[in-house]
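Q: Got a structure for you, entry_39.txt, holding compact mmCIF, C-alpha atoms.
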```txt
# COMPACT_ATOMS: atom_id res chain seq x y z
CA MET A 1 91.23 -27.04 -25.62
CA LYS A 2 93.22 -25.03 -23.05
CA ILE A 3 92.85 -23.79 -19.48
CA ILE A 4 94.46 -20.46 -18.64
CA THR A 5 94.19 -19.09 -15.09
CA LYS A 6 94.89 -15.39 -14.49
CA GLU A 7 94.68 -13.18 -11.42
CA LEU A 8 93.60 -9.55 -11.11
CA ILE A 9 94.30 -7.37 -8.06
CA TYR A 10 92.18 -4.39 -7.01
CA LYS A 11 92.41 -1.96 -4.12
CA THR A 12 88.86 -1.29 -3.00
CA LYS A 13 87.17 1.11 -0.57
CA GLY A 14 84.46 -1.30 0.62
CA ASP A 15 80.94 -0.19 1.60
CA SER A 16 79.45 -1.75 -1.58
CA GLU A 17 81.86 0.00 -3.93
CA ILE A 18 81.31 -1.33 -7.44
CA ILE A 19 84.40 -1.98 -9.62
CA ASP A 20 84.08 -2.47 -13.40
CA LEU A 21 86.19 -5.49 -14.43
CA THR A 22 85.17 -5.53 -18.10
CA LEU A 23 88.17 -3.76 -19.62
CA ASP A 24 90.66 -5.93 -17.71
CA LEU A 25 88.77 -9.12 -18.64
CA ASN A 26 88.72 -8.07 -22.31
CA LYS A 27 92.50 -7.53 -22.19
CA LEU A 28 93.05 -10.96 -20.62
CA LEU A 29 90.80 -12.59 -23.24
CA ILE A 30 92.92 -11.09 -26.03
CA GLU A 31 96.13 -12.27 -24.30
CA THR A 32 94.86 -15.85 -24.08
CA LYS A 33 94.45 -15.93 -27.91
CA LEU A 34 91.43 -18.18 -27.34
CA SER A 35 88.56 -17.81 -29.77
CA GLU A 36 85.64 -19.80 -28.25
CA GLY A 37 85.00 -20.83 -24.64
CA ASN A 38 84.17 -19.29 -21.31
CA CYS A 39 85.72 -17.35 -18.44
CA THR A 40 84.89 -18.00 -14.79
CA VAL A 41 85.38 -14.84 -12.74
CA PHE A 42 85.78 -15.69 -9.05
CA SER A 43 86.44 -13.34 -6.13
CA ILE A 44 88.37 -14.79 -3.21
CA GLY A 45 86.86 -14.07 0.21
CA SER A 46 83.41 -14.04 1.78
CA THR A 47 82.51 -10.32 1.67
CA GLY A 48 82.54 -9.64 -2.08
CA GLY A 49 80.32 -10.45 -5.06
CA ILE A 50 80.57 -10.82 -8.85
CA THR A 51 77.68 -9.93 -11.15
CA THR A 52 76.88 -7.92 -14.28
CA LEU A 53 75.13 -4.56 -14.43
CA GLU A 54 75.00 -1.38 -16.45
CA TYR A 55 77.92 0.59 -15.05
CA GLU A 56 76.40 4.08 -14.91
CA PRO A 57 76.38 6.65 -12.07
CA GLY A 58 72.71 6.16 -11.14
CA LEU A 59 72.96 2.42 -10.44
CA LEU A 60 76.27 2.91 -8.59
CA LYS A 61 74.11 4.75 -6.03
CA ASP A 62 70.92 2.66 -6.35
CA ILE A 63 72.51 -0.72 -5.61
CA PRO A 64 74.21 0.30 -2.31
CA SER A 65 71.12 2.24 -1.28
CA PHE A 66 68.86 -0.76 -1.97
CA LEU A 67 71.23 -3.01 0.03
CA ASP A 68 71.30 -0.57 2.96
CA LYS A 69 67.52 -0.85 3.09
CA ILE A 70 67.21 -4.63 2.75
CA ILE A 71 70.37 -5.79 4.60
CA PRO A 72 71.10 -2.85 6.94
CA LYS A 73 74.59 -2.23 8.30
CA TYR A 74 73.58 -1.58 11.89
CA GLU A 75 71.10 -4.38 12.50
CA LYS A 76 71.79 -7.04 15.16
CA TYR A 77 73.97 -9.76 13.56
CA PHE A 78 75.32 -12.72 15.55
CA HIS A 79 78.35 -12.68 13.26
CA ASN A 80 79.40 -9.41 14.88
CA ASP A 81 79.34 -11.10 18.30
CA THR A 82 81.73 -13.77 16.97
CA TRP A 83 84.38 -11.44 15.55
CA GLY A 84 83.50 -7.89 16.63
CA ASP A 85 84.36 -6.62 13.15
CA GLY A 86 80.91 -5.17 12.44
CA ASN A 87 80.60 -6.62 8.93
CA GLY A 88 77.78 -9.14 9.41
CA HIS A 89 75.79 -7.35 6.68
CA SER A 90 78.75 -7.72 4.27
CA HIS A 91 78.70 -11.51 4.67
CA ILE A 92 74.96 -11.80 4.03
CA ARG A 93 75.20 -9.57 0.95
CA SER A 94 78.06 -11.71 -0.38
CA ALA A 95 76.24 -15.01 0.25
CA ILE A 96 73.34 -13.76 -1.90
CA PHE A 97 75.32 -12.17 -4.75
CA LYS A 98 77.86 -15.01 -4.70
CA THR A 99 81.50 -14.81 -5.75
CA SER A 100 81.42 -16.60 -9.12
CA LEU A 101 80.18 -15.81 -12.63
CA THR A 102 80.83 -17.68 -15.88
CA ILE A 103 80.73 -15.70 -19.13
CA PRO A 104 80.84 -17.40 -22.55
CA PHE A 105 82.78 -15.97 -25.50
CA ALA A 106 83.08 -16.72 -29.22
CA LYS A 107 85.00 -15.09 -32.10
CA LYS A 108 87.30 -13.66 -29.38
CA LEU A 109 84.46 -11.58 -27.83
CA PHE A 110 82.47 -11.99 -24.62
CA PHE A 111 78.71 -12.32 -25.05
CA LEU A 112 77.93 -9.15 -23.11
CA GLY A 113 75.32 -6.51 -23.94
CA THR A 114 76.47 -2.98 -24.80
CA TRP A 115 75.23 -1.79 -21.40
CA GLN A 116 76.25 -4.92 -19.48
CA GLN A 117 79.51 -4.75 -17.55
CA VAL A 118 81.11 -7.42 -15.34
CA VAL A 119 81.57 -6.00 -11.84
CA PHE A 120 83.05 -6.84 -8.47
CA ILE A 121 81.16 -5.39 -5.49
CA ASP A 122 83.10 -5.03 -2.27
CA PHE A 123 80.56 -5.39 0.54
CA ASP A 124 83.14 -5.17 3.35
CA ASN A 125 83.13 -2.24 5.76
CA ARG A 126 86.76 -1.21 5.16
CA PRO A 127 89.31 -0.86 2.32
CA ARG A 128 90.68 -4.19 1.06
CA THR A 129 93.14 -5.53 -1.48
CA ARG A 130 91.20 -8.10 -3.52
CA ARG A 131 92.32 -11.05 -5.62
CA ILE A 132 89.97 -11.94 -8.47
CA ILE A 133 90.57 -15.07 -10.54
CA ALA A 134 89.72 -15.09 -14.25
CA GLN A 135 89.94 -18.64 -15.55
CA PHE A 136 89.55 -19.20 -19.29
CA ILE A 137 88.62 -22.55 -20.85
CA GLY A 138 88.47 -22.73 -24.61
CA GLU A 139 90.22 -23.19 -27.90
CA MET B 1 86.50 -32.45 -25.51
CA LYS B 2 84.43 -30.01 -27.54
CA ILE B 3 82.93 -26.52 -27.19
CA ILE B 4 79.64 -25.87 -28.93
CA THR B 5 78.02 -22.42 -28.67
CA LYS B 6 74.33 -22.04 -29.54
CA GLU B 7 71.92 -19.12 -29.38
CA LEU B 8 68.22 -19.05 -28.47
CA ILE B 9 65.91 -16.12 -29.24
CA TYR B 10 62.75 -15.30 -27.24
CA LYS B 11 60.17 -12.57 -27.56
CA THR B 12 59.26 -11.57 -24.01
CA LYS B 13 56.65 -9.33 -22.40
CA GLY B 14 58.84 -8.04 -19.57
CA ASP B 15 57.51 -7.18 -16.09
CA SER B 16 59.18 -10.29 -14.57
CA GLU B 17 57.70 -12.71 -17.10
CA ILE B 18 59.24 -16.14 -16.54
CA ILE B 19 60.16 -18.21 -19.62
CA ASP B 20 60.87 -21.95 -19.35
CA LEU B 21 64.06 -22.75 -21.31
CA THR B 22 64.28 -26.44 -20.36
CA LEU B 23 62.75 -28.00 -23.47
CA ASP B 24 64.91 -25.91 -25.82
CA LEU B 25 68.04 -26.68 -23.80
CA ASN B 26 67.25 -30.40 -23.85
CA LYS B 27 66.87 -30.24 -27.65
CA LEU B 28 70.22 -28.46 -28.01
CA LEU B 29 71.90 -31.01 -25.73
CA ILE B 30 70.68 -33.85 -27.96
CA GLU B 31 71.88 -31.99 -31.08
CA THR B 32 75.40 -31.58 -29.64
CA LYS B 33 75.69 -35.39 -29.29
CA LEU B 34 77.76 -34.74 -26.14
CA SER B 35 77.43 -37.25 -23.33
CA GLU B 36 79.16 -35.65 -20.31
CA GLY B 37 79.95 -32.00 -19.56
CA ASN B 38 78.14 -28.79 -18.75
CA CYS B 39 76.11 -26.03 -20.34
CA THR B 40 76.49 -22.36 -19.42
CA VAL B 41 73.23 -20.50 -20.03
CA PHE B 42 73.86 -16.75 -20.33
CA SER B 43 71.35 -13.98 -21.06
CA ILE B 44 72.71 -10.94 -22.88
CA GLY B 45 71.70 -7.60 -21.35
CA SER B 46 71.41 -6.09 -17.89
CA THR B 47 67.68 -6.44 -17.16
CA GLY B 48 67.22 -10.24 -17.28
CA GLY B 49 68.14 -13.21 -15.09
CA ILE B 50 68.76 -16.95 -15.36
CA THR B 51 67.89 -19.36 -12.55
CA THR B 52 66.04 -22.61 -11.89
CA LEU B 53 62.62 -23.02 -10.31
CA GLU B 54 59.57 -25.23 -10.36
CA TYR B 55 57.65 -23.92 -13.36
CA GLU B 56 54.09 -24.01 -12.01
CA PRO B 57 51.35 -21.33 -12.07
CA GLY B 58 51.61 -20.46 -8.36
CA LEU B 59 55.29 -19.51 -8.43
CA LEU B 60 54.86 -17.63 -11.71
CA LYS B 61 52.75 -15.22 -9.61
CA ASP B 62 54.71 -15.48 -6.33
CA ILE B 63 58.11 -14.49 -7.74
CA PRO B 64 56.96 -11.24 -9.45
CA SER B 65 54.82 -10.39 -6.42
CA PHE B 66 57.76 -10.94 -4.04
CA LEU B 67 59.97 -8.76 -6.27
CA ASP B 68 57.36 -5.99 -6.41
CA LYS B 69 57.45 -5.92 -2.61
CA ILE B 70 61.23 -6.02 -2.13
CA ILE B 71 62.41 -4.04 -5.20
CA PRO B 72 59.37 -1.88 -6.04
CA LYS B 73 58.83 -0.50 -9.53
CA TYR B 74 57.90 3.04 -8.50
CA GLU B 75 60.56 3.77 -5.86
CA LYS B 76 63.05 6.60 -6.39
CA TYR B 77 65.97 5.22 -8.46
CA PHE B 78 68.86 7.41 -9.64
CA HIS B 79 69.09 5.18 -12.72
CA ASN B 80 65.78 6.62 -13.89
CA ASP B 81 67.26 10.13 -13.69
CA THR B 82 70.12 9.01 -15.97
CA TRP B 83 68.00 7.51 -18.74
CA GLY B 84 64.35 8.35 -18.02
CA ASP B 85 63.34 4.82 -18.99
CA GLY B 86 61.77 3.94 -15.63
CA ASN B 87 63.45 0.53 -15.31
CA GLY B 88 65.78 1.10 -12.37
CA HIS B 89 64.09 -1.76 -10.52
CA SER B 90 64.75 -4.10 -13.49
CA HIS B 91 68.49 -3.46 -13.25
CA ILE B 92 68.64 -4.15 -9.51
CA ARG B 93 66.64 -7.37 -9.91
CA SER B 94 68.98 -8.50 -12.69
CA ALA B 95 72.14 -7.71 -10.70
CA ILE B 96 70.90 -9.98 -7.89
CA PHE B 97 69.58 -12.88 -10.01
CA LYS B 98 72.54 -12.60 -12.40
CA THR B 99 72.57 -13.60 -16.05
CA SER B 100 74.57 -16.84 -15.94
CA LEU B 101 73.96 -20.42 -14.81
CA THR B 102 76.05 -23.54 -15.41
CA ILE B 103 74.27 -26.91 -15.45
CA PRO B 104 76.19 -30.21 -15.54
CA PHE B 105 75.03 -33.21 -17.59
CA ALA B 106 76.03 -36.87 -17.91
CA LYS B 107 74.69 -39.79 -19.94
CA LYS B 108 73.19 -37.14 -22.28
CA LEU B 109 70.90 -35.77 -19.51
CA PHE B 110 71.00 -32.58 -17.45
CA PHE B 111 71.18 -33.06 -13.69
CA LEU B 112 67.86 -31.33 -13.02
CA GLY B 113 65.17 -32.39 -10.58
CA THR B 114 61.75 -33.43 -11.89
CA TRP B 115 60.30 -30.13 -10.65
CA GLN B 116 63.34 -28.01 -11.50
CA GLN B 117 63.21 -26.03 -14.73
CA VAL B 118 65.80 -23.62 -16.16
CA VAL B 119 64.19 -20.22 -16.64
CA PHE B 120 64.88 -16.78 -18.02
CA ILE B 121 63.15 -13.93 -16.17
CA ASP B 122 62.67 -10.70 -18.07
CA PHE B 123 62.74 -7.92 -15.46
CA ASP B 124 62.47 -5.10 -18.00
CA ASN B 125 59.39 -2.86 -18.10
CA ARG B 126 58.56 -3.46 -21.79
CA PRO B 127 58.52 -6.27 -24.38
CA ARG B 128 61.97 -7.29 -25.62
CA THR B 129 63.60 -9.70 -28.05
CA ARG B 130 66.18 -11.62 -26.03
CA ARG B 131 69.31 -13.51 -27.03
CA ILE B 132 70.27 -16.33 -24.71
CA ILE B 133 73.55 -18.20 -25.18
CA ALA B 134 73.78 -21.92 -24.38
CA GLN B 135 77.41 -22.98 -24.46
CA PHE B 136 78.20 -26.68 -24.09
CA ILE B 137 81.59 -28.05 -23.02
CA GLY B 138 81.99 -31.79 -22.93
CA GLU B 139 82.73 -35.00 -24.71
CA MET C 1 91.63 -32.11 -20.51
CA LYS C 2 89.24 -34.34 -18.58
CA ILE C 3 85.67 -34.23 -17.26
CA ILE C 4 84.97 -36.07 -14.02
CA THR C 5 81.45 -36.06 -12.57
CA LYS C 6 80.94 -37.02 -8.92
CA GLU C 7 77.92 -37.09 -6.65
CA LEU C 8 77.62 -36.25 -2.95
CA ILE C 9 74.65 -37.24 -0.78
CA TYR C 10 73.55 -35.36 2.36
CA LYS C 11 70.73 -35.88 4.79
CA THR C 12 69.46 -32.43 5.71
CA LYS C 13 67.00 -31.00 8.25
CA GLY C 14 65.65 -28.22 6.03
CA ASP C 15 64.51 -24.82 7.37
CA SER C 16 67.59 -23.09 5.87
CA GLU C 17 70.08 -25.50 7.43
CA ILE C 18 73.55 -24.70 6.07
CA ILE C 19 75.84 -27.62 5.20
CA ASP C 20 79.59 -27.11 4.68
CA LEU C 21 80.67 -28.98 1.51
CA THR C 22 84.28 -27.78 1.46
CA LEU C 23 85.96 -30.81 3.03
CA ASP C 24 84.13 -33.24 0.73
CA LEU C 25 84.92 -31.12 -2.34
CA ASN C 26 88.59 -30.96 -1.36
CA LYS C 27 88.66 -34.77 -1.04
CA LEU C 28 87.06 -35.18 -4.48
CA LEU C 29 89.53 -32.71 -6.01
CA ILE C 30 92.45 -34.79 -4.68
CA GLU C 31 90.85 -37.99 -6.03
CA THR C 32 90.51 -36.51 -9.53
CA LYS C 33 94.31 -35.91 -9.64
CA LEU C 34 93.57 -32.78 -11.69
CA SER C 35 95.86 -29.84 -11.18
CA GLU C 36 94.16 -26.89 -12.96
CA GLY C 37 90.51 -26.33 -13.90
CA ASN C 38 87.18 -25.77 -12.24
CA CYS C 39 84.43 -27.57 -10.37
CA THR C 40 80.74 -26.87 -10.91
CA VAL C 41 78.76 -27.65 -7.74
CA PHE C 42 75.08 -28.17 -8.56
CA SER C 43 72.24 -29.13 -6.20
CA ILE C 44 69.39 -31.09 -7.73
CA GLY C 45 65.91 -29.79 -6.85
CA SER C 46 64.19 -26.44 -6.57
CA THR C 47 64.31 -25.76 -2.83
CA GLY C 48 68.09 -25.65 -2.20
CA GLY C 49 70.94 -23.27 -2.92
CA ILE C 50 74.73 -23.30 -3.37
CA THR C 51 76.91 -20.36 -2.33
CA THR C 52 80.03 -19.53 -0.33
CA LEU C 53 80.17 -18.00 3.13
CA GLU C 54 82.24 -17.97 6.29
CA TYR C 55 81.02 -21.08 8.08
CA GLU C 56 80.86 -19.79 11.66
CA PRO C 57 78.07 -20.06 14.28
CA GLY C 58 76.97 -16.42 14.04
CA LEU C 59 76.21 -16.46 10.30
CA LEU C 60 74.51 -19.87 10.61
CA LYS C 61 71.89 -17.96 12.63
CA ASP C 62 72.03 -14.63 10.74
CA ILE C 63 71.29 -16.05 7.27
CA PRO C 64 68.11 -17.96 8.24
CA SER C 65 66.97 -15.04 10.38
CA PHE C 66 67.50 -12.59 7.51
CA LEU C 67 65.57 -14.90 5.15
CA ASP C 68 62.70 -15.26 7.62
CA LYS C 69 62.39 -11.47 7.60
CA ILE C 70 62.64 -10.91 3.83
CA ILE C 71 60.92 -14.08 2.50
CA PRO C 72 58.67 -15.11 5.42
CA LYS C 73 57.49 -18.68 5.85
CA TYR C 74 53.86 -17.88 6.63
CA GLU C 75 53.09 -15.27 3.97
CA LYS C 76 50.41 -15.90 1.33
CA TYR C 77 52.05 -17.84 -1.54
CA PHE C 78 50.08 -19.11 -4.55
CA HIS C 79 52.52 -22.02 -4.72
CA ASN C 80 51.01 -23.34 -1.51
CA ASP C 81 47.56 -23.35 -3.13
CA THR C 82 48.94 -25.50 -5.97
CA TRP C 83 50.52 -28.20 -3.82
CA GLY C 84 49.48 -27.61 -0.23
CA ASP C 85 53.02 -28.37 0.93
CA GLY C 86 53.60 -24.99 2.59
CA ASN C 87 57.05 -24.42 1.11
CA GLY C 88 56.39 -21.48 -1.23
CA HIS C 89 59.06 -19.49 0.64
CA SER C 90 61.61 -22.30 0.03
CA HIS C 91 61.14 -22.04 -3.73
CA ILE C 92 61.59 -18.26 -3.78
CA ARG C 93 64.73 -18.49 -1.63
CA SER C 94 66.14 -21.15 -3.96
CA ALA C 95 65.37 -19.15 -7.12
CA ILE C 96 67.40 -16.24 -5.73
CA PHE C 97 70.37 -18.18 -4.32
CA LYS C 98 70.38 -20.54 -7.31
CA THR C 99 71.61 -24.11 -7.35
CA SER C 100 74.92 -23.77 -9.21
CA LEU C 101 78.39 -22.42 -8.39
CA THR C 102 81.64 -22.79 -10.35
CA ILE C 103 84.91 -22.66 -8.41
CA PRO C 104 88.29 -22.51 -10.17
CA PHE C 105 91.36 -24.39 -8.91
CA ALA C 106 95.07 -24.46 -9.73
CA LYS C 107 98.06 -26.34 -8.27
CA LYS C 108 95.49 -28.86 -6.95
CA LEU C 109 93.84 -26.24 -4.68
CA PHE C 110 90.54 -24.37 -4.91
CA PHE C 111 90.79 -20.58 -5.01
CA LEU C 112 88.88 -20.09 -1.76
CA GLY C 113 89.64 -17.63 1.02
CA THR C 114 90.60 -18.95 4.45
CA TRP C 115 87.16 -17.94 5.76
CA GLN C 116 85.25 -18.86 2.63
CA GLN C 117 83.48 -22.21 2.61
CA VAL C 118 81.30 -23.74 -0.11
CA VAL C 119 77.85 -24.46 1.33
CA PHE C 120 74.54 -26.04 0.46
CA ILE C 121 71.50 -24.38 2.07
CA ASP C 122 68.38 -26.49 2.36
CA PHE C 123 65.45 -24.07 2.20
CA ASP C 124 62.78 -26.78 2.30
CA ASN C 125 60.42 -27.08 5.27
CA ARG C 126 61.21 -30.72 6.07
CA PRO C 127 64.15 -33.15 6.20
CA ARG C 128 65.43 -34.25 2.79
CA THR C 129 68.05 -36.50 1.23
CA ARG C 130 69.96 -34.32 -1.23
CA ARG C 131 72.06 -35.14 -4.27
CA ILE C 132 74.77 -32.63 -5.07
CA ILE C 133 76.81 -32.92 -8.26
CA ALA C 134 80.48 -31.91 -8.30
CA GLN C 135 81.70 -31.85 -11.87
CA PHE C 136 85.41 -31.23 -12.47
CA ILE C 137 86.86 -30.02 -15.79
CA GLY C 138 90.60 -29.68 -16.01
CA GLU C 139 93.96 -31.25 -16.61
```
Can you dump the structure from the file as structure tokens?

A:
Amino acid sequence: MKIITKELIYKTKGDSEIIDLTLDLNKLLIETKLSEGNCTVFSIGSTGGITTLEYEPGLLKDIPSFLDKIIPKYEKYFHNDTWGDGNGHSHIRSAIFKTSLTIPFAKKLFFLGTWQQVVFIDFDNRPRTRRIIAQFIGE
Amino acid sequence: MKIITKELIYKTKGDSEIIDLTLDLNKLLIETKLSEGNCTVFSIGSTGGITTLEYEPGLLKDIPSFLDKIIPKYEKYFHNDTWGDGNGHSHIRSAIFKTSLTIPFAKKLFFLGTWQQVVFIDFDNRPRTRRIIAQFIGE
Amino acid sequence: MKIITKELIYKTKGDSEIIDLTLDLNKLLIETKLSEGNCTVFSIGSTGGITTLEYEPGLLKDIPSFLDKIIPKYEKYFHNDTWGDGNGHSHIRSAIFKTSLTIPFAKKLFFLGTWQQVVFIDFDNRPRTRRIIAQFIGE
């Protein structure tokens, strides 16, 4: 049994941009030479989120539009009084989506559906450079 | 330390039907003969979710009814323009609930409360046959 | 590779009180003497949640206030008919936030941002004594 910790870097635009991590995670899985185990994908910071979804153009619009309705950008947030950075909504979105996801694999393949991609969503209100940890445990 | 990957199959009705996985997971845990470790429960596909809740008749109605209010079925979703399958709301619900949950165990028992069951929620708008992975790591 | 399972106990006030677990988790990580691996933080019970957020006074008000809007306390919930304990909203909040989070670490440090704390949120409607499991796997 081995632990292998890798890091991915992405330049993001923010405003609930959705980044597909699946290809990069598949590459890392091959590099590890592990056959069975799991990968914990973790985004560093408190204004992002990790989940899975079908990465297709419709949902890339539906998810941000749903979030704008339910956790609006321009509502009154006390967080914005603390820092004046106007991203209170980004923090609430991140707290709900959470920054961690564990995906099992076997026979050198992730257990993901054909239309199920692993994504990072950047909820912040400005471009960021993001560090995402992919930690593999397996054999 | 061992990794043991198991698969459970469920026939579901969709429309936010909630399936209690706890009994099946307890059976698998006994079969593994592991004493201490964790189990990652992962549902394959992008219209389901894994979480814990008290599995009682009231909540089995409250959760779908809450979701119908917050992420309505018959709203305009661009996803439905892409595929015409009318399940845009299912995808958004799944992205928020997420398809993975890791539960620790020790002394051959999951750390779950008496009124805390592990559930799969099928957010899709039609019956499905679902594959759920239960991957145990422990000793 | 080792598994080390620890337990933390907190007395909470409920009503979406947010408890910062980061200091206690850091102490446990040092005690384990592990260098690389991950920690699964799991709260026992069906009315709490584990996530990360920036632990600052503004968000400690924004998160409960957002939840009061989206999952109101005094709505009609069938759960409350079952038990008469008036915490239907607590269960729905918990099912969405979920009770598990896995955080990777390396070089004896968690991969957390400077403004990213690990928190337990107690969604129940009364004070509780809470058991939170911190299970470390690593080497």

Q: How would you write as a compact mmCIF listing (two decimals) with C-alpha atoms, keeping the file's coordinate frame the residues that get within 12 Å of (61.0, -9.6, -25.9) in the file's frame, counting only C-alpha atoms?

A:
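This went into result-v8.txt:
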```txt
# COMPACT_ATOMS: atom_id res chain seq x y z
CA ILE B 9 65.91 -16.12 -29.24
CA TYR B 10 62.75 -15.30 -27.24
CA LYS B 11 60.17 -12.57 -27.56
CA THR B 12 59.26 -11.57 -24.01
CA LYS B 13 56.65 -9.33 -22.40
CA GLY B 14 58.84 -8.04 -19.57
CA ASP B 15 57.51 -7.18 -16.09
CA SER B 16 59.18 -10.29 -14.57
CA GLU B 17 57.70 -12.71 -17.10
CA ILE B 18 59.24 -16.14 -16.54
CA ILE B 19 60.16 -18.21 -19.62
CA GLY B 45 71.70 -7.60 -21.35
CA THR B 47 67.68 -6.44 -17.16
CA GLY B 48 67.22 -10.24 -17.28
CA PHE B 120 64.88 -16.78 -18.02
CA ILE B 121 63.15 -13.93 -16.17
CA ASP B 122 62.67 -10.70 -18.07
CA PHE B 123 62.74 -7.92 -15.46
CA ASP B 124 62.47 -5.10 -18.00
CA ASN B 125 59.39 -2.86 -18.10
CA ARG B 126 58.56 -3.46 -21.79
CA PRO B 127 58.52 -6.27 -24.38
CA ARG B 128 61.97 -7.29 -25.62
CA THR B 129 63.60 -9.70 -28.05
CA ARG B 130 66.18 -11.62 -26.03
CA ARG B 131 69.31 -13.51 -27.03
CA ILE B 132 70.27 -16.33 -24.71
```

Q: So, with only C-alpha atoms as the atoms that count, which of C:Tyr74, C:Ser43, C:Leu34, C:Pro57 lies closest to C:Ala134?

A: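 Smallest separation from C:Ala134 among the options: C:Ser43.
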
Q: Could you list the residues in chain C lying within 8 Å of chain A, using all atoms listed in the file, and format the result as a VMD selection string?

A: chain C and resid 1 36 to 37 51 to 54 56 to 59 61 to 63 66 70 96 to 97 101 to 104 106 111 to 116 138

Q: If I take atom CA of C:Val118 and atom CA of A:Pro72, how far is one from the other in Å, to one decimal?

A: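 Atom-to-atom, atom CA of C:Val118 to atom CA of A:Pro72, that is 24.3 Å.
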
Q: What does the distance from atom CA of A:Ile50 to atom CA of C:Tyr55 come to in Å, to one decimal?

A: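 Answer for the atom CA of A:Ile50 to atom CA of C:Tyr55 separation: 19.8 Å.
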
Q: Quote the spacing between atom CA of A:Gln117 and atom CA of B:Leu23 in Å to one decimal place.

A: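 Going from atom CA of A:Gln117 over to atom CA of B:Leu23 covers 29.3 Å.
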
Q: Closest to A:Thr22 among A:Lys69, A:Leu8, A:Ser35, A:Gly84, using all atoms listed in the file?

A: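 Looking at the shortest contact to A:Thr22, the residue is A:Leu8.
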